[in-house]
>>> print(open('input_13.cif').read())   # mmCIF, C-alpha atoms
data_data
loop_
_atom_site.group_PDB
_atom_site.id
_atom_site.type_symbol
_atom_site.label_atom_id
_atom_site.label_comp_id
_atom_site.auth_asym_id
_atom_site.auth_seq_id
_atom_site.Cartn_x
_atom_site.Cartn_y
_atom_site.Cartn_z
ATOM 1 C CA MET X 7 0.537 -9.361 10.935
ATOM 2 C CA VAL X 8 -2.342 -10.763 8.905
ATOM 3 C CA HIS X 9 -2.181 -9.809 5.246
ATOM 4 C CA TYR X 10 -5.208 -9.338 3.041
ATOM 5 C CA LEU X 11 -6.007 -8.891 -0.612
ATOM 6 C CA PHE X 12 -9.008 -7.014 -1.945
ATOM 7 C CA LEU X 13 -10.359 -8.183 -5.298
ATOM 8 C CA GLY X 14 -12.649 -5.777 -7.091
ATOM 9 C CA PHE X 15 -13.022 -2.693 -9.220
ATOM 10 C CA PHE X 16 -11.854 0.365 -7.310
ATOM 11 C CA ASP X 17 -11.705 4.099 -7.779
ATOM 12 C CA HIS X 18 -8.261 5.561 -8.244
ATOM 13 C CA GLU X 19 -6.414 8.703 -7.304
ATOM 14 C CA GLY X 20 -3.796 8.799 -9.999
ATOM 15 C CA ASN X 21 -2.408 5.278 -10.028
ATOM 16 C CA GLN X 22 -3.326 4.562 -6.408
ATOM 17 C CA VAL X 23 -6.527 2.939 -5.192
ATOM 18 C CA ARG X 24 -8.714 5.558 -3.567
ATOM 19 C CA LEU X 25 -9.248 4.914 0.141
ATOM 20 C CA ALA X 26 -11.883 6.529 2.341
ATOM 21 C CA LYS X 27 -12.162 6.514 6.105
ATOM 22 C CA SER X 28 -15.256 4.850 7.466
ATOM 23 C CA ARG X 29 -17.204 6.558 10.217
ATOM 24 C CA ALA X 30 -18.402 3.174 11.413
ATOM 25 C CA ASP X 31 -15.034 1.683 12.274
ATOM 26 C CA GLY X 32 -12.487 4.465 11.776
ATOM 27 C CA ALA X 33 -10.576 2.359 9.247
ATOM 28 C CA PHE X 34 -9.775 3.185 5.625
ATOM 29 C CA HIS X 35 -11.708 1.150 3.065
ATOM 30 C CA PRO X 36 -11.243 1.025 -0.708
ATOM 31 C CA VAL X 37 -13.760 3.037 -2.703
ATOM 32 C CA VAL X 38 -15.591 0.691 -5.023
ATOM 33 C CA HIS X 39 -15.933 1.899 -8.615
ATOM 34 C CA ARG X 40 -18.363 -0.834 -9.506
ATOM 35 C CA PRO X 41 -19.281 -3.908 -7.485
ATOM 36 C CA LEU X 42 -18.297 -7.400 -8.400
ATOM 37 C CA ASP X 43 -21.237 -9.320 -9.760
ATOM 38 C CA GLY X 44 -22.390 -11.655 -6.998
ATOM 39 C CA ALA X 45 -23.589 -14.248 -9.477
ATOM 40 C CA THR X 46 -20.157 -14.355 -11.109
ATOM 41 C CA VAL X 47 -18.448 -14.671 -7.748
ATOM 42 C CA LEU X 48 -20.775 -17.531 -6.886
ATOM 43 C CA THR X 49 -20.132 -19.289 -10.205
ATOM 44 C CA VAL X 50 -16.355 -19.004 -9.859
ATOM 45 C CA LEU X 51 -16.590 -20.159 -6.268
ATOM 46 C CA HIS X 52 -18.340 -23.333 -7.165
ATOM 47 C CA GLU X 53 -16.149 -23.987 -10.188
ATOM 48 C CA ALA X 54 -13.101 -23.641 -7.945
ATOM 49 C CA ARG X 55 -14.576 -26.098 -5.476
ATOM 50 C CA GLY X 56 -16.012 -28.407 -8.089
ATOM 51 C CA THR X 57 -19.417 -28.407 -6.427
ATOM 52 C CA GLU X 58 -22.938 -27.691 -7.555
ATOM 53 C CA ILE X 59 -24.445 -24.350 -6.624
ATOM 54 C CA GLU X 60 -26.366 -25.529 -3.571
ATOM 55 C CA ASP X 61 -25.262 -23.170 -0.871
ATOM 56 C CA ARG X 62 -24.587 -19.511 -1.292
ATOM 57 C CA GLY X 63 -21.685 -18.761 0.964
ATOM 58 C CA PHE X 64 -17.977 -19.331 1.193
ATOM 59 C CA PRO X 65 -16.974 -22.693 2.667
ATOM 60 C CA GLU X 66 -16.314 -22.907 6.338
ATOM 61 C CA GLY X 67 -12.612 -22.690 6.984
ATOM 62 C CA TRP X 68 -11.989 -20.362 4.076
ATOM 63 C CA THR X 69 -10.630 -16.936 4.856
ATOM 64 C CA SER X 70 -12.370 -15.174 1.977
ATOM 65 C CA TRP X 71 -15.593 -13.258 2.126
ATOM 66 C CA LEU X 72 -17.648 -10.872 0.059
ATOM 67 C CA GLU X 73 -17.655 -7.295 1.238
ATOM 68 C CA ASP X 74 -19.713 -4.447 -0.187
ATOM 69 C CA GLY X 75 -18.840 -5.069 -3.817
ATOM 70 C CA TYR X 76 -15.421 -6.678 -3.441
ATOM 71 C CA VAL X 77 -13.904 -9.871 -2.120
ATOM 72 C CA VAL X 78 -11.501 -9.982 0.822
ATOM 73 C CA CYS X 79 -8.948 -12.806 0.925
ATOM 74 C CA ASP X 80 -6.075 -13.943 3.070
ATOM 75 C CA LYS X 81 -2.969 -13.158 1.013
ATOM 76 C CA HIS X 82 -1.182 -16.162 2.512
ATOM 77 C CA THR X 83 -3.938 -18.755 2.374
ATOM 78 C CA ARG X 84 -2.632 -22.277 1.932
ATOM 79 C CA ASN X 85 -5.984 -23.649 0.863
ATOM 80 C CA GLU X 86 -5.479 -24.631 -2.758
ATOM 81 C CA ASP X 87 -9.168 -24.358 -3.627
ATOM 82 C CA GLU X 88 -9.108 -20.841 -2.259
ATOM 83 C CA VAL X 89 -6.019 -20.011 -4.324
ATOM 84 C CA SER X 90 -7.789 -21.381 -7.371
ATOM 85 C CA PHE X 91 -10.867 -19.291 -6.596
ATOM 86 C CA ILE X 92 -8.847 -16.097 -6.267
ATOM 87 C CA ALA X 93 -6.971 -16.757 -9.486
ATOM 88 C CA GLN X 94 -10.095 -17.634 -11.446
ATOM 89 C CA LEU X 95 -12.016 -14.659 -10.112
ATOM 90 C CA ALA X 96 -9.258 -12.273 -11.124
ATOM 91 C CA GLN X 97 -8.905 -13.870 -14.557
ATOM 92 C CA ARG X 98 -12.651 -14.171 -15.211
ATOM 93 C CA THR X 99 -13.612 -10.658 -14.189
ATOM 94 C CA GLY X 100 -10.429 -8.729 -14.940
ATOM 95 C CA CYS X 101 -10.717 -7.173 -11.482
ATOM 96 C CA SER X 102 -7.893 -5.536 -9.578
ATOM 97 C CA ILE X 103 -5.970 -7.216 -6.785
ATOM 98 C CA TYR X 104 -5.117 -4.725 -4.059
ATOM 99 C CA ASP X 105 -2.432 -5.895 -1.652
ATOM 100 C CA VAL X 106 -3.424 -4.166 1.573
ATOM 101 C CA SER X 107 -0.053 -4.467 3.305
ATOM 102 C CA ALA X 108 1.890 -3.389 0.226
ATOM 103 C CA PHE X 109 -0.425 -0.395 -0.239
ATOM 104 C CA ARG X 110 -0.691 -1.112 -3.973
ATOM 105 C CA GLU X 111 -2.317 -3.192 -6.655
ATOM 106 C CA ILE X 112 -0.440 -6.275 -7.756
ATOM 107 C CA LYS X 113 -0.559 -8.576 -10.729
ATOM 108 C CA LEU X 114 -2.069 -12.011 -10.325
ATOM 109 C CA GLU X 115 1.213 -13.592 -11.429
ATOM 110 C CA GLU X 116 3.073 -11.788 -8.671
ATOM 111 C CA TRP X 117 0.747 -13.170 -6.032
ATOM 112 C CA LEU X 118 0.660 -16.693 -7.459
ATOM 113 C CA LYS X 119 4.435 -17.009 -7.161
ATOM 114 C CA GLN X 120 4.091 -17.255 -3.397
ATOM 115 C CA ALA X 121 0.784 -19.119 -3.319
ATOM 116 C CA PRO X 122 0.570 -22.904 -2.903
ATOM 117 C CA GLY X 123 -0.464 -24.847 -5.953
ATOM 118 C CA TYR X 124 1.079 -22.189 -8.194
ATOM 119 C CA ALA X 125 2.018 -24.696 -10.867
ATOM 120 C CA LYS X 126 -1.672 -25.370 -11.504
ATOM 121 C CA HIS X 127 -2.095 -21.886 -12.880
ATOM 122 C CA MET E 13 -7.716 -4.020 31.204
ATOM 123 C CA VAL E 14 -10.657 -4.675 28.872
ATOM 124 C CA SER E 15 -13.857 -2.886 29.822
ATOM 125 C CA SER E 16 -16.223 -4.937 31.941
ATOM 126 C CA ARG E 17 -19.150 -3.532 30.023
ATOM 127 C CA VAL E 18 -20.301 -5.988 27.369
ATOM 128 C CA LEU E 19 -22.189 -4.421 24.542
ATOM 129 C CA LYS E 20 -25.001 -6.472 23.124
ATOM 130 C CA ALA E 21 -24.807 -6.339 19.371
ATOM 131 C CA ASP E 22 -27.746 -4.848 17.580
ATOM 132 C CA ALA E 23 -29.703 -7.718 16.084
ATOM 133 C CA THR E 24 -29.810 -5.866 12.782
ATOM 134 C CA ASP E 25 -26.066 -5.251 12.715
ATOM 135 C CA ARG E 26 -24.898 -8.307 10.843
ATOM 136 C CA ARG E 27 -21.318 -7.112 10.721
ATOM 137 C CA LEU E 28 -21.082 -7.569 14.492
ATOM 138 C CA ARG E 29 -23.013 -10.794 14.753
ATOM 139 C CA GLY E 30 -21.349 -12.382 11.790
ATOM 140 C CA ALA E 31 -21.569 -16.140 12.003
ATOM 141 C CA GLU E 32 -24.149 -16.007 14.781
ATOM 142 C CA VAL E 33 -26.759 -14.976 12.224
ATOM 143 C CA GLY E 34 -28.508 -17.756 10.398
ATOM 144 C CA LEU E 35 -27.690 -18.211 6.727
ATOM 145 C CA SER E 36 -31.120 -17.053 5.623
ATOM 146 C CA GLU E 37 -30.729 -13.823 7.581
ATOM 147 C CA GLN E 38 -27.341 -12.845 6.180
ATOM 148 C CA PRO E 39 -27.050 -10.017 3.685
ATOM 149 C CA ARG E 40 -26.914 -11.089 0.091
ATOM 150 C CA ILE E 41 -25.332 -9.582 -2.951
ATOM 151 C CA GLY E 42 -26.427 -11.117 -6.244
ATOM 152 C CA GLY E 43 -27.618 -14.166 -4.394
ATOM 153 C CA MET E 44 -24.365 -14.559 -2.505
ATOM 154 C CA THR E 45 -24.291 -14.394 1.260
ATOM 155 C CA THR E 46 -21.919 -11.844 2.649
ATOM 156 C CA THR E 47 -20.873 -13.323 5.954
ATOM 157 C CA PRO E 48 -18.012 -11.112 7.042
ATOM 158 C CA GLY E 49 -14.672 -12.443 8.128
ATOM 159 C CA TYR E 50 -13.083 -11.595 11.440
ATOM 160 C CA GLN E 51 -14.688 -8.631 13.136
ATOM 161 C CA LEU E 52 -13.614 -6.973 16.359
ATOM 162 C CA PRO E 53 -15.893 -8.008 19.225
ATOM 163 C CA ALA E 54 -18.185 -5.141 20.137
ATOM 164 C CA ASP E 55 -16.682 -4.661 23.591
ATOM 165 C CA VAL E 56 -13.120 -4.636 22.212
ATOM 166 C CA ALA E 57 -14.050 -2.093 19.555
ATOM 167 C CA ASP E 58 -15.831 0.046 22.132
ATOM 168 C CA PHE E 59 -12.894 -0.084 24.535
ATOM 169 C CA ALA E 60 -10.410 0.762 21.793
ATOM 170 C CA ASN E 61 -12.519 3.709 20.666
ATOM 171 C CA ARG E 62 -13.049 5.065 24.166
ATOM 172 C CA TYR E 63 -9.390 4.830 25.111
ATOM 173 C CA GLN E 64 -7.754 5.487 21.753
ATOM 174 C CA GLU E 65 -5.526 8.270 23.039
ATOM 175 C CA PRO E 66 -4.131 6.604 26.186
ATOM 176 C CA LEU E 67 -3.777 3.279 24.370
ATOM 177 C CA SER E 68 -1.816 4.968 21.617
ATOM 178 C CA ARG E 69 0.471 6.652 24.124
ATOM 179 C CA ALA E 70 0.938 3.428 26.078
ATOM 180 C CA ILE E 71 1.811 1.488 22.940
ATOM 181 C CA GLU E 72 4.247 4.162 21.840
ATOM 182 C CA ASN E 73 5.943 4.104 25.221
ATOM 183 C CA HIS E 74 6.084 0.338 25.172
ATOM 184 C CA MET E 75 7.578 0.277 21.690
ATOM 185 C CA ARG E 76 10.285 2.652 22.844
ATOM 186 C CA ARG E 77 11.021 0.518 25.911
ATOM 187 C CA LEU E 78 11.450 -2.491 23.656
ATOM 188 C CA GLY E 79 13.948 -0.601 21.539
ATOM 189 C CA VAL E 80 11.874 0.499 18.544
ATOM 190 C CA PRO E 81 13.382 3.765 17.249
ATOM 191 C CA LEU E 82 11.069 6.751 17.628
ATOM 192 C CA ALA E 83 11.194 7.334 13.888
ATOM 193 C CA MET E 84 9.650 3.890 13.345
ATOM 194 C CA ILE E 85 6.662 4.430 15.603
ATOM 195 C CA GLY E 86 3.617 4.987 13.437
ATOM 196 C CA ILE E 87 3.307 4.990 9.661
ATOM 197 C CA ASP E 88 3.518 8.066 7.464
ATOM 198 C CA TRP E 89 1.544 7.015 4.375
ATOM 199 C CA ARG E 90 -1.774 7.666 2.688
ATOM 200 C CA GLY E 91 -4.708 5.609 3.835
ATOM 201 C CA ILE E 92 -3.453 5.070 7.365
ATOM 202 C CA ASP E 93 -3.527 7.234 10.447
ATOM 203 C CA PRO E 94 -0.068 8.179 11.809
ATOM 204 C CA ASP E 95 -0.625 6.951 15.373
ATOM 205 C CA PRO E 96 0.975 3.870 16.954
ATOM 206 C CA PHE E 97 -2.548 2.483 17.536
ATOM 207 C CA VAL E 98 -4.804 2.606 14.501
ATOM 208 C CA ARG E 99 -7.750 0.945 12.772
ATOM 209 C CA TYR E 100 -7.401 -1.434 9.875
ATOM 210 C CA TYR E 101 -10.140 -3.120 7.935
ATOM 211 C CA PRO E 102 -10.128 -6.007 8.219
ATOM 212 C CA PRO E 103 -8.409 -5.929 11.606
ATOM 213 C CA GLN E 104 -4.928 -7.366 11.217
ATOM 214 C CA LEU E 105 -3.243 -7.008 14.656
ATOM 215 C CA GLY E 106 -0.572 -4.689 13.339
ATOM 216 C CA GLY E 107 0.846 -3.119 10.231
ATOM 217 C CA ASN E 108 4.038 -1.711 8.836
ATOM 218 C CA ILE E 109 5.548 0.127 5.962
ATOM 219 C CA ARG E 110 8.832 -1.152 4.710
ATOM 220 C CA ARG E 111 12.001 0.577 3.720
ATOM 221 C CA GLY E 112 11.487 -0.617 0.165
ATOM 222 C CA ILE E 113 8.166 1.185 -0.115
ATOM 223 C CA HIS E 114 8.817 4.408 1.673
ATOM 224 C CA GLY E 115 12.448 4.704 2.691
ATOM 225 C CA SER E 116 11.315 5.378 6.233
ATOM 226 C CA PRO E 117 9.993 2.191 7.844
ATOM 227 C CA GLY E 118 7.256 2.318 10.462
ATOM 228 C CA ILE E 119 4.965 0.081 12.491
ATOM 229 C CA ASN E 120 1.674 0.240 14.318
ATOM 230 C CA LEU E 121 -0.854 -1.974 16.102
ATOM 231 C CA ASP E 122 -4.604 -2.316 15.833
ATOM 232 C CA PRO E 123 -7.273 -3.392 18.349
ATOM 233 C CA ALA E 124 -7.205 -7.039 17.273
ATOM 234 C CA VAL E 125 -4.185 -7.341 19.568
ATOM 235 C CA LEU E 126 -6.622 -6.894 22.474
ATOM 236 C CA ASP E 127 -8.679 -9.894 21.352
ATOM 237 C CA VAL E 128 -7.675 -13.387 22.432
ATOM 238 C CA ASN E 129 -9.661 -14.607 19.396
ATOM 239 C CA ALA E 130 -7.648 -12.518 16.932
ATOM 240 C CA PRO E 131 -7.306 -14.012 13.438
ATOM 241 C CA LYS E 132 -4.586 -16.628 12.939
ATOM 242 C CA MET E 133 -3.442 -16.289 16.543
ATOM 243 C CA ASN E 134 -6.567 -17.640 18.219
ATOM 244 C CA ALA E 135 -5.541 -21.243 17.619
ATOM 245 C CA LEU E 136 -2.204 -20.828 19.405
ATOM 246 C CA ALA E 137 -2.257 -21.950 23.037
ATOM 247 C CA SER E 138 0.660 -19.634 23.777
ATOM 248 C CA TRP E 139 -1.357 -16.667 22.497
ATOM 249 C CA ARG E 140 -4.537 -17.622 24.294
ATOM 250 C CA SER E 141 -2.794 -18.013 27.641
ATOM 251 C CA ALA E 142 -0.498 -15.013 27.293
ATOM 252 C CA ARG E 143 -0.770 -11.707 29.047
ATOM 253 C CA LEU E 144 -1.802 -8.802 26.891
ATOM 254 C CA ARG E 145 1.710 -7.371 27.178
ATOM 255 C CA ASP E 146 3.199 -10.549 25.718
ATOM 256 C CA ARG E 147 0.768 -10.467 22.805
ATOM 257 C CA ILE E 148 1.639 -6.848 22.165
ATOM 258 C CA ASP E 149 5.347 -7.704 22.297
ATOM 259 C CA ALA E 150 4.875 -10.467 19.732
ATOM 260 C CA VAL E 151 3.001 -8.288 17.262
ATOM 261 C CA ILE E 152 5.477 -5.429 17.653
ATOM 262 C CA ALA E 153 8.368 -7.800 16.965
ATOM 263 C CA HIS E 154 6.676 -9.252 13.893
ATOM 264 C CA GLU E 155 5.868 -5.854 12.410
ATOM 265 C CA TYR E 156 9.321 -4.479 13.246
ATOM 266 C CA THR E 157 10.988 -7.410 11.521
ATOM 267 C CA GLU E 158 8.787 -7.047 8.439
ATOM 268 C CA ALA E 159 9.379 -3.306 8.262
ATOM 269 C CA LEU E 160 13.140 -3.805 8.142
ATOM 270 C CA ALA E 161 13.049 -6.639 5.606
ATOM 271 C CA HIS E 162 15.291 -6.077 2.637
ATOM 272 C CA GLN E 163 13.829 -5.308 -0.750
ATOM 273 C CA GLY E 164 13.150 -8.327 -2.897
ATOM 274 C CA ILE E 165 12.494 -10.900 -0.206
ATOM 275 C CA ASP E 166 9.136 -12.118 1.039
ATOM 276 C CA PHE E 167 8.799 -9.825 4.011
ATOM 277 C CA HIS E 168 6.094 -11.843 5.724
ATOM 278 C CA VAL E 169 8.046 -15.097 5.534
ATOM 279 C CA HIS E 170 11.125 -13.230 6.700
ATOM 280 C CA ALA E 171 9.239 -11.987 9.752
ATOM 281 C CA LEU E 172 7.764 -15.430 10.419
ATOM 282 C CA THR E 173 11.225 -16.940 10.575
ATOM 283 C CA ALA E 174 13.207 -14.100 12.133
ATOM 284 C CA ALA E 175 10.929 -12.245 14.555
ATOM 285 C CA GLU E 176 11.364 -14.774 17.372
ATOM 286 C CA ASN E 177 15.067 -13.810 17.447
ATOM 287 C CA THR E 178 14.464 -10.080 17.336
ATOM 288 C CA PRO E 179 16.924 -7.843 19.192
ATOM 289 C CA LEU E 180 13.921 -5.998 20.646
ATOM 290 C CA LEU E 181 13.521 -6.572 24.382
ATOM 291 C CA ILE E 182 10.369 -8.659 24.124
ATOM 292 C CA SER E 183 9.332 -11.277 26.663
ATOM 293 C CA ASP E 184 10.141 -14.972 26.449
ATOM 294 C CA ARG E 185 6.445 -15.695 26.153
ATOM 295 C CA ALA E 186 6.261 -13.349 23.170
ATOM 296 C CA ARG E 187 9.090 -15.290 21.530
ATOM 297 C CA GLN E 188 7.162 -18.505 22.168
ATOM 298 C CA ILE E 189 4.091 -17.001 20.506
ATOM 299 C CA LEU E 190 6.199 -16.098 17.486
ATOM 300 C CA ARG E 191 7.710 -19.592 17.317
ATOM 301 C CA ASP E 192 4.265 -21.133 17.488
ATOM 302 C CA TYR E 193 2.979 -18.752 14.830
ATOM 303 C CA ARG E 194 5.892 -19.678 12.561
ATOM 304 C CA ARG E 195 5.137 -23.389 12.958
ATOM 305 C CA ALA E 196 1.416 -22.873 12.462
ATOM 306 C CA GLU E 197 2.156 -21.119 9.178
ATOM 307 C CA GLY E 198 4.216 -24.068 8.042
ATOM 308 C CA TYR E 199 7.752 -22.772 8.518
#
>>> encode(input="input_13.cif", output="structure tokens")
Amino acid sequence: MVHYLFLGFFDHEGNQVRLAKSRADGAFHPVVHRPLDGATVLTVLHEARGTEIEDRGFPEGWTSWLEDGYVVCDKHTRNEDEVSFIAQLAQRTGCSIYDVSAFREIKLEEWLKQAPGYAKH
Amino acid sequence: MVSSRVLKADATDRRLRGAEVGLSEQPRIGGMTTTPGYQLPADVADFANRYQEPLSRAIENHMRRLGVPLAMIGIDWRGIDPDPFVRYYPPQLGGNIRRGIHGSPGINLDPAVLDVNAPKMNALASWRSARLRDRIDAVIAHEYTEALAHQGIDFHVHALTAAENTPLLISDRARQILRDYRRAEGY
């Protein structure tokens, strides 16, 4: 019912993102190949918001957060700053975008078509 | 229905405490705080884990009573357990696999449906005041509608706009929840 995207660099099994079941919560999580650089995420975050780097977390009201090496986002966020952040992060880092409910990686352009503020990108 | 035992989160377990932890105490990666998004409350997670088997059976039976075909109960795909009641991370209330992906559509629910503060739904008065059965009905209808969406359309938008009129035998309150969800999402 709620749809998420994972942005990061993931291990693959063939052309599929490798998923591993967590003992902690019994859910499948993507296996991270290498973590996103936190400093880069922070820089992109503040560029997307147009603010100075004063605080070190995602804004209240956003539906994105940093997991263990990857970013989790609401696929259907209508917050244009958040859309801009996701787009810039993917473009800046070249990371994958894994659509959790589609069970596959998607291209940024595919996601932007249904995101608000698409014309900006 | 929810266990009366309330688990006190371990003070060192930031994933459970989430926003309750001060900013300076939150884990950091490369200088960035890692406040998690929605997490299942500890007592909901505990209850779901303890009663996984009967909950799964109850949800399967309920799906069948609503009119969900047996072949659509559960998802047969890598990275997801085949039961009607599963775990997703992050918790997402329910999931589905669509005809376009697999040829054999299927749906399931996750423990967020037990939580009145579930993501996206917690702001809906109809959700917050509903019985658990009505919430379950609403999520089943949404996932069922998505699972049967035709290839090429936005399946989530399709479910947002069509689930409230599902032929499944869901409650009127469930239909109200779905209407309110549709409006909250801007449709």
>>> residues_around(input="input_13.cif", residues="range 138-148 of chain E", least_positions_apart="3", cutoff="8 Å", atoms="all atoms listed in the file", output="JSON, numbers by chain")
{"E": [125, 126, 128, 129, 133, 134, 135, 151, 152, 182, 183, 185, 186, 188, 189, 192]}
>>> axis_aligned_box(input="input_13.cif", around="range 84-97 of chain E", padding_each_side="8 Å", output="AutoDock Vina command-line options")
--center_x 2.5 --center_y 5.3 --center_z 10.1 --size_x 30.4 --size_y 21.7 --size_z 30.8
>>> resolve_selection(input="input_13.cif", expression="the PyMOL selection byres ((chain X and resi 101) around 6)", output="ChimeraX atom specification")
/X:14-15,96,99-100,102
>>> atom_distance(input="input_13.cif", atom1="CA of Asp93 in chain E", atom2="CA of Tyr10 in chain X")
18.2 Å
>>> closest_residue(input="input_13.cif", among="X:His35, X:His18, X:Lys113, X:Arg55", to="chain E", atoms="only C-alpha atoms")
X:His35
>>> atom_distance(input="input_13.cif", atom1="CA of Gln120 in chain X", atom2="CA of Leu160 in chain E")
19.9 Å
>>> residues_around(input="input_13.cif", residues="Leu25 in chain X", least_positions_apart="6", cutoff="7 Å", atoms="only C-alpha atoms", output="JSON, numbers by chain")
{"X": [34, 35, 36, 37], "E": [91]}
>>> write_last_selection(input="input_13.cif", atoms="C-alpha atoms", output="compact mmCIF listing (two decimals), in the frame of the given file")
# COMPACT_ATOMS: atom_id res chain seq x y z
CA PHE X 34 -9.78 3.18 5.62
CA HIS X 35 -11.71 1.15 3.06
CA PRO X 36 -11.24 1.02 -0.71
CA VAL X 37 -13.76 3.04 -2.70
CA GLY E 91 -4.71 5.61 3.84
>>> closest_residue(input="input_13.cif", among="E:Ile85, E:Pro94, E:Asn73, E:Pro103", to="Asp80 in chain X", atoms="only C-alpha atoms")
E:Pro103
>>> resolve_selection(input="input_13.cif", expression="the PyMOL selection byres ((chain X) within 9 of (chain E))", output="PyMOL selection string")
chain X and resi 7-10+24-27+31-35+43-48+61-64+69-75+78+82+84+107-109+120
>>> resolve_selection(input="input_13.cif", expression="the PyMOL selection byres ((chain X and resi 103) around 6)", output="PyMOL selection string")
chain X and resi 12-13+102+104+111-112
>>> atom_distance(input="input_13.cif", atom1="CA of Gly79 in chain E", atom2="CA of Leu180 in chain E")
5.5 Å
>>> closest_residue(input="input_13.cif", among="X:Ile92, X:Gln97, X:Asp17, X:Gly56", to="Val77 in chain X", atoms="only C-alpha atoms")
X:Ile92
>>> closest_residue(input="input_13.cif", among="X:His39, X:Glu19, X:Val106, X:Thr49", to="Lys81 in chain X", atoms="all atoms listed in the file")
X:Val106
>>> residues_around(input="input_13.cif", residues="Trp68 in chain X", least_positions_apart="5", cutoff="9 Å", atoms="all atoms listed in the file", output="PDB file with C-alpha atoms, keeping the file's coordinate frame")
ATOM      1  CA  CYS X  79      -8.948 -12.806   0.925  1.00  0.00           C
ATOM      2  CA  ASP X  80      -6.075 -13.943   3.070  1.00  0.00           C
ATOM      3  CA  THR X  83      -3.938 -18.755   2.374  1.00  0.00           C
ATOM      4  CA  ASN X  85      -5.984 -23.649   0.863  1.00  0.00           C
ATOM      5  CA  GLU X  88      -9.108 -20.841  -2.259  1.00  0.00           C
TER       6      GLU X  88
END
